[in-house]
Amino acid sequence: MAIFLFPTTAIVLFDASDVGVGLLNAAGTAPYPALALFAGVAMDRRRRRPAMMLSTVGMMLALAAIPLAAAAGVLGMAELCAAALLAGSFGVLYDVANQSHLPTLLPRDMLPRANARLEVSTSLAMLGAPALGGLLTQFLAGTTALAVVAAGFVIPVFTLMRLRTPEPPAPRRQGGSMSAEMKEGVAALWRHPLLRATTVAAVLRNLGNAAASTVSLLFAYRALGLPPGTVGVLFTLVGLGGVGGAWMADRMLARFGLGATLVTACASGAVWAAAPLALWLPAVPTLVVVGAAASVWVPVWNATITTLRQSVTRADLLGRVHATSRTINFCAMPLGALLGGVAVDVLGGAMGPEAGTGWALVLTGLASAAATVVLLRSGLRSVREVPGAGTEGAA
């Protein structure tokens with residue numbers, strides 16, 4: 001929900017510029033390239049569950065700081081960006097710890113189903129978050145919506161505390177230098193042909209998706225003139241596609257194989273090029289159809305990529321390989337978010353807000369789908385089964 005509320009707060013309360021919204025979105029994703037490698041080394045040295053609890057509390061405090069700053073009369077765009085940066089930093093730690101934790105609890109053949117179910121829970125959370133966030137923003141004063149969301153982080157903290165499954169000891173002892181262990185993780189990812197190809201494709205895909213995330217909000221608010229409550233409901237309806245995709249992710253992998261599943265998921269970003277039809281057709285139904293068609297494949301991509309990475313990587317490298325992949329992938333996201341805002345600003349100035357934002361959506365959708373070329377050239381399409389850590393080129 002924070003991903004939706006940060007830019008919505010900026011647009012509604014501060015009438016933030018297009019570039020300002022892009023900078024705010026970039027602040028939330030910038031911690032990945034800055035901190036993920038350090039988090040990967042730490043999670044290969046230490047137990048992961050305590051880190052997940054610490055990071056959840058940190059995200060809660062970062063969100064709670066916004067209404068406190070507003071009450072003190074010191075809240076502005078700079079403070080919003082700082083809070084987004086802090087929340088994103090704790091999110092990096094949680095992400096690396098979480099993805100490294102799962103393979104230590106389950107056998108390899110259960111990972112596709114487990115990752116698919118995690119994507120279901122994520123998609124369900126994303127399903128209700130925009131509608132609830134939009135309605136809270138529309139009907140509650142100021143930053144009260146963010147205070148409500150911050151309070152909600154108590155639930156995952158309590159859930160983690162209630163886990164009874166014993167966590168295995170740390171997979172490796174502290175030894176080499178931080179930089180040497182980072183290099184080991186980078187080398188393990190890059191020498192594996194499937195991880196290398198999917199990582200490069202993910203960079204291009206994330207570049208387009210991050211830009212589309214910024215542009216789609218600006219399109220809904222500025223080009224279509226929709227109120228926050230309607231935009232929240234719109235994104236909730238779009239999220240139905242994500243729930244369906246998450247529920248079927250492991251079945252798609254089993255039915256169509258690794259390569260075909262990833263290639264199709266990667267190409268799906270092109271459907272955003274049809275979103276500008278909302279300027280002439282009924283706006284909300286058009287955006288729901290387009291967005292749902294694209295969102296079906298997001299959890300499929302996420303679950304399949306995560307399963308691949310967990311399956312081909314040794315246990316003592318899981319944290320660093322995952323962190324390396326996320327670092328490389330997320331380097332594109334701040335740039336994509338910023339470019340999305342710049343594209344709307346430039347094209348909107350030249351063509352008007354409606355046409356400019358519409359063409360920006362077309363370009364971002366095509367940019368996301370361009371990553372398919374990388375997968376096709378790698379030969380991944382012919383790979384059906386997910387290889388194991390003992391196969392040639394495994395990390």
# chains A, B, ... in the order shown; residues from 1 in each chain; ligands from 1
$ residues_around --residues "Met77 in chain A" --least-positions-apart "6" --cutoff "9 Å" --atoms "only C-alpha atoms" --output "PDB file with N, CA and C atoms, in the first residue's frame"
ATOM      1  N   ALA A  10       1.834  12.743  -2.396  1.00  0.00           N
ATOM      2  CA  ALA A  10       2.557  13.844  -3.041  1.00  0.00           C
ATOM      3  C   ALA A  10       1.674  14.590  -4.030  1.00  0.00           C
ATOM      4  N   PHE A  14       0.507  17.928  -2.125  1.00  0.00           N
ATOM      5  CA  PHE A  14       1.512  18.910  -2.521  1.00  0.00           C
ATOM      6  C   PHE A  14       1.449  19.282  -3.998  1.00  0.00           C
ATOM      7  N   ALA A  16       2.420  17.658  -6.522  1.00  0.00           N
ATOM      8  CA  ALA A  16       3.791  17.419  -6.971  1.00  0.00           C
ATOM      9  C   ALA A  16       3.878  17.430  -8.487  1.00  0.00           C
ATOM     10  N   GLY A  20       8.731  15.380  -9.902  1.00  0.00           N
ATOM     11  CA  GLY A  20       8.736  15.153  -8.463  1.00  0.00           C
ATOM     12  C   GLY A  20       8.180  13.792  -8.092  1.00  0.00           C
ATOM     13  N   LEU A  24      10.185  10.720  -6.258  1.00  0.00           N
ATOM     14  CA  LEU A  24       9.674  10.045  -5.066  1.00  0.00           C
ATOM     15  C   LEU A  24       9.648   8.535  -5.267  1.00  0.00           C
TER      16      LEU A  24
END
$ select_by_dssp --residues "range 99-276 of chain A" --states "alpha helix (DSSP H)" --output "number ranges by chain"
A: 99-101, 111-139, 144-152, 154-162, 178-190, 193-218, 228-256, 258-267
$ residues_around --residues "Arg222 in chain A" --least-positions-apart "6" --cutoff "12 Å" --atoms "only C-alpha atoms" --output "list of chain:residue names"
A:Ile11, A:Val12, A:Asp15, A:Ala16, A:Ser17, A:Asp18, A:Thr214, A:Val215, A:Ser216, A:Pro228, A:Val231, A:Leu279, A:Val344, A:Asp345, A:Gly348, A:Gly352, A:Pro353, A:Glu354, A:Ala355, A:Gly356, A:Thr357, A:Gly358
$ write_last_selection --atoms "N, CA and C atoms" --output "tab-separated table (two decimals), in the first residue's frame"
chain	number	residue	atom	x	y	z
A	11	ILE	N	0.88	13.84	-4.80
A	11	ILE	CA	0.03	14.47	-5.82
A	11	ILE	C	-1.13	15.23	-5.17
A	12	VAL	N	-1.77	14.61	-4.18
A	12	VAL	CA	-2.97	15.19	-3.59
A	12	VAL	C	-2.64	16.34	-2.64
A	15	ASP	N	0.49	18.68	-4.75
A	15	ASP	CA	0.40	18.94	-6.19
A	15	ASP	C	1.77	18.78	-6.83
A	16	ALA	N	2.42	17.66	-6.52
A	16	ALA	CA	3.79	17.42	-6.97
A	16	ALA	C	3.88	17.43	-8.49
A	17	SER	N	5.01	17.89	-9.00
A	17	SER	CA	5.24	17.90	-10.43
A	17	SER	C	5.44	16.48	-10.94
A	18	ASP	N	5.40	16.31	-12.27
A	18	ASP	CA	5.62	14.99	-12.86
A	18	ASP	C	7.00	14.45	-12.48
A	214	THR	N	4.99	4.90	-12.81
A	214	THR	CA	4.89	6.35	-12.64
A	214	THR	C	3.89	6.95	-13.62
A	215	VAL	N	3.99	6.55	-14.88
A	215	VAL	CA	3.15	7.14	-15.93
A	215	VAL	C	1.69	6.78	-15.72
A	216	SER	N	1.41	5.54	-15.29
A	216	SER	CA	0.01	5.13	-15.15
A	216	SER	C	-0.73	5.95	-14.09
A	228	PRO	N	-8.84	10.14	-6.20
A	228	PRO	CA	-8.06	9.08	-5.56
A	228	PRO	C	-8.86	7.81	-5.27
A	231	VAL	N	-9.23	5.87	-8.48
A	231	VAL	CA	-7.95	5.30	-8.88
A	231	VAL	C	-7.61	4.09	-8.01
A	279	LEU	N	-8.70	7.11	-23.32
A	279	LEU	CA	-9.03	8.50	-23.64
A	279	LEU	C	-10.29	8.59	-24.49
A	344	VAL	N	6.60	12.05	-19.33
A	344	VAL	CA	5.31	12.74	-19.25
A	344	VAL	C	5.50	14.24	-19.32
A	345	ASP	N	6.53	14.73	-18.64
A	345	ASP	CA	6.79	16.16	-18.62
A	345	ASP	C	7.13	16.67	-20.02
A	348	GLY	N	4.13	15.70	-22.53
A	348	GLY	CA	2.96	16.51	-22.17
A	348	GLY	C	3.13	17.95	-22.56
A	352	GLY	N	0.45	18.15	-25.10
A	352	GLY	CA	-0.68	18.29	-24.19
A	352	GLY	C	-0.72	17.14	-23.20
A	353	PRO	N	-1.37	17.32	-22.05
A	353	PRO	CA	-1.32	16.29	-21.00
A	353	PRO	C	-1.94	14.96	-21.40
A	354	GLU	N	-3.01	14.98	-22.16
A	354	GLU	CA	-3.66	13.71	-22.51
A	354	GLU	C	-2.83	12.93	-23.51
A	355	ALA	N	-2.49	13.54	-24.64
A	355	ALA	CA	-1.72	12.84	-25.67
A	355	ALA	C	-0.33	12.50	-25.16
A	356	GLY	N	0.30	13.43	-24.45
A	356	GLY	CA	1.66	13.20	-23.97
A	356	GLY	C	1.74	12.04	-23.00
A	357	THR	N	0.81	11.98	-22.04
A	357	THR	CA	0.82	10.88	-21.08
A	357	THR	C	0.46	9.57	-21.76
A	358	GLY	N	-0.46	9.62	-22.72
A	358	GLY	CA	-0.83	8.42	-23.45
A	358	GLY	C	0.34	7.83	-24.22
$ atom_distance --atom1 "CA of Ala323 in chain A" --atom2 "CA of Gln310 in chain A"
12.0 Å
$ residues_around --residues "Gly88 in chain A" --least-positions-apart "4" --cutoff "12 Å" --atoms "only C-alpha atoms" --output "ChimeraX atom specification"
/A:2-3,6,24-36,55-56,58-63,81-84,92-95,330,334
$ write_last_selection --atoms "C-alpha atoms" --output "JSON list (two decimals), in the first residue's frame"
[["chain", "number", "residue", "atom", "x", "y", "z"],
["A", 2, "ALA", "CA", 2.91, 2.35, 0.71],
["A", 3, "ILE", "CA", 3.90, 2.18, -2.97],
["A", 6, "PHE", "CA", 3.59, 7.80, -1.29],
["A", 24, "LEU", "CA", 9.67, 10.05, -5.07],
["A", 25, "ASN", "CA", 9.17, 6.65, -6.71],
["A", 26, "ALA", "CA", 12.90, 6.51, -7.42],
["A", 27, "ALA", "CA", 13.67, 7.15, -3.74],
["A", 28, "GLY", "CA", 11.69, 4.06, -2.77],
["A", 29, "THR", "CA", 13.67, 1.77, -5.09],
["A", 30, "ALA", "CA", 17.13, 3.37, -4.86],
["A", 31, "PRO", "CA", 18.14, 1.37, -1.72],
["A", 32, "TYR", "CA", 18.29, -1.85, -3.74],
["A", 33, "PRO", "CA", 21.37, -0.96, -5.80],
["A", 34, "ALA", "CA", 22.92, 0.77, -2.79],
["A", 35, "LEU", "CA", 22.35, -1.79, -0.03],
["A", 36, "ALA", "CA", 21.31, -5.20, -1.38],
["A", 55, "SER", "CA", 13.12, -4.83, 8.89],
["A", 56, "THR", "CA", 9.34, -5.02, 9.36],
["A", 58, "GLY", "CA", 11.82, -0.43, 10.53],
["A", 59, "MET", "CA", 9.31, -0.07, 7.70],
["A", 60, "MET", "CA", 6.56, 0.61, 10.23],
["A", 61, "LEU", "CA", 8.57, 3.39, 11.87],
["A", 62, "ALA", "CA", 9.46, 4.96, 8.50],
["A", 63, "LEU", "CA", 5.78, 5.22, 7.58],
["A", 81, "CYS", "CA", 11.40, 11.21, -0.22],
["A", 82, "ALA", "CA", 13.43, 10.60, 2.94],
["A", 83, "ALA", "CA", 10.70, 8.37, 4.40],
["A", 84, "ALA", "CA", 10.41, 6.46, 1.11],
["A", 92, "VAL", "CA", 15.77, -4.51, 0.95],
["A", 93, "LEU", "CA", 16.79, -6.32, 4.13],
["A", 94, "TYR", "CA", 13.40, -8.03, 4.39],
["A", 95, "ASP", "CA", 13.41, -9.11, 0.75],
["A", 330, "PHE", "CA", 16.61, -2.71, -9.27],
["A", 334, "PRO", "CA", 14.91, 4.37, -9.99]]
$ atom_distance --atom1 "CA of Leu347 in chain A" --atom2 "CA of Ala273 in chain A"
15.4 Å
$ atom_distance --atom1 "CA of Pro156 in chain A" --atom2 "CA of Ser89 in chain A"
17.6 Å
$ residues_around --residues "Gly40 in chain A" --least-positions-apart "3" --cutoff "8 Å" --atoms "only C-alpha atoms" --output "number ranges by chain"
A: 36-37, 43-44, 96-97, 182, 318-324
$ closest_residue --among "A:Met161, A:Leu363, A:Val263, A:Ala150" --to "Leu380 in chain A" --atoms "only C-alpha atoms"
A:Val263
$ residues_around --residues "Leu253 in chain A" --least-positions-apart "6" --cutoff "9 Å" --atoms "only C-alpha atoms" --output "list of chain:residue names"
A:Pro112, A:Gly259, A:Ala260, A:Thr261, A:Leu262, A:Val300, A:Thr304, A:Arg384, A:Glu385
$ write_last_selection --atoms "N, CA and C atoms" --output "PDB file, in the first residue's frame"
ATOM      1  N   PRO A 112       8.438 -24.358  -6.352  1.00  0.00           N
ATOM      2  CA  PRO A 112       7.509 -23.676  -7.270  1.00  0.00           C
ATOM      3  C   PRO A 112       6.149 -23.388  -6.636  1.00  0.00           C
ATOM      4  N   GLY A 259      11.130 -22.062 -20.032  1.00  0.00           N
ATOM      5  CA  GLY A 259      11.402 -21.066 -21.065  1.00  0.00           C
ATOM      6  C   GLY A 259      10.156 -20.387 -21.593  1.00  0.00           C
ATOM      7  N   ALA A 260       9.156 -21.178 -21.984  1.00  0.00           N
ATOM      8  CA  ALA A 260       7.935 -20.601 -22.552  1.00  0.00           C
ATOM      9  C   ALA A 260       7.214 -19.717 -21.540  1.00  0.00           C
ATOM     10  N   THR A 261       7.224 -20.121 -20.277  1.00  0.00           N
ATOM     11  CA  THR A 261       6.561 -19.319 -19.243  1.00  0.00           C
ATOM     12  C   THR A 261       7.226 -17.961 -19.092  1.00  0.00           C
ATOM     13  N   LEU A 262       8.557 -17.948 -19.028  1.00  0.00           N
ATOM     14  CA  LEU A 262       9.273 -16.684 -18.836  1.00  0.00           C
ATOM     15  C   LEU A 262       9.180 -15.783 -20.065  1.00  0.00           C
ATOM     16  N   VAL A 300       3.619 -14.504 -12.136  1.00  0.00           N
ATOM     17  CA  VAL A 300       4.156 -15.678 -12.825  1.00  0.00           C
ATOM     18  C   VAL A 300       5.657 -15.500 -13.048  1.00  0.00           C
ATOM     19  N   THR A 304       8.475 -17.699 -10.911  1.00  0.00           N
ATOM     20  CA  THR A 304       9.316 -18.579 -11.720  1.00  0.00           C
ATOM     21  C   THR A 304      10.782 -18.194 -11.620  1.00  0.00           C
ATOM     22  N   ARG A 384      12.857 -26.602 -20.630  1.00  0.00           N
ATOM     23  CA  ARG A 384      11.558 -26.919 -20.031  1.00  0.00           C
ATOM     24  C   ARG A 384      11.646 -27.094 -18.513  1.00  0.00           C
ATOM     25  N   GLU A 385      12.582 -27.907 -18.042  1.00  0.00           N
ATOM     26  CA  GLU A 385      12.674 -28.209 -16.619  1.00  0.00           C
ATOM     27  C   GLU A 385      13.582 -27.216 -15.904  1.00  0.00           C
TER      28      GLU A 385
END
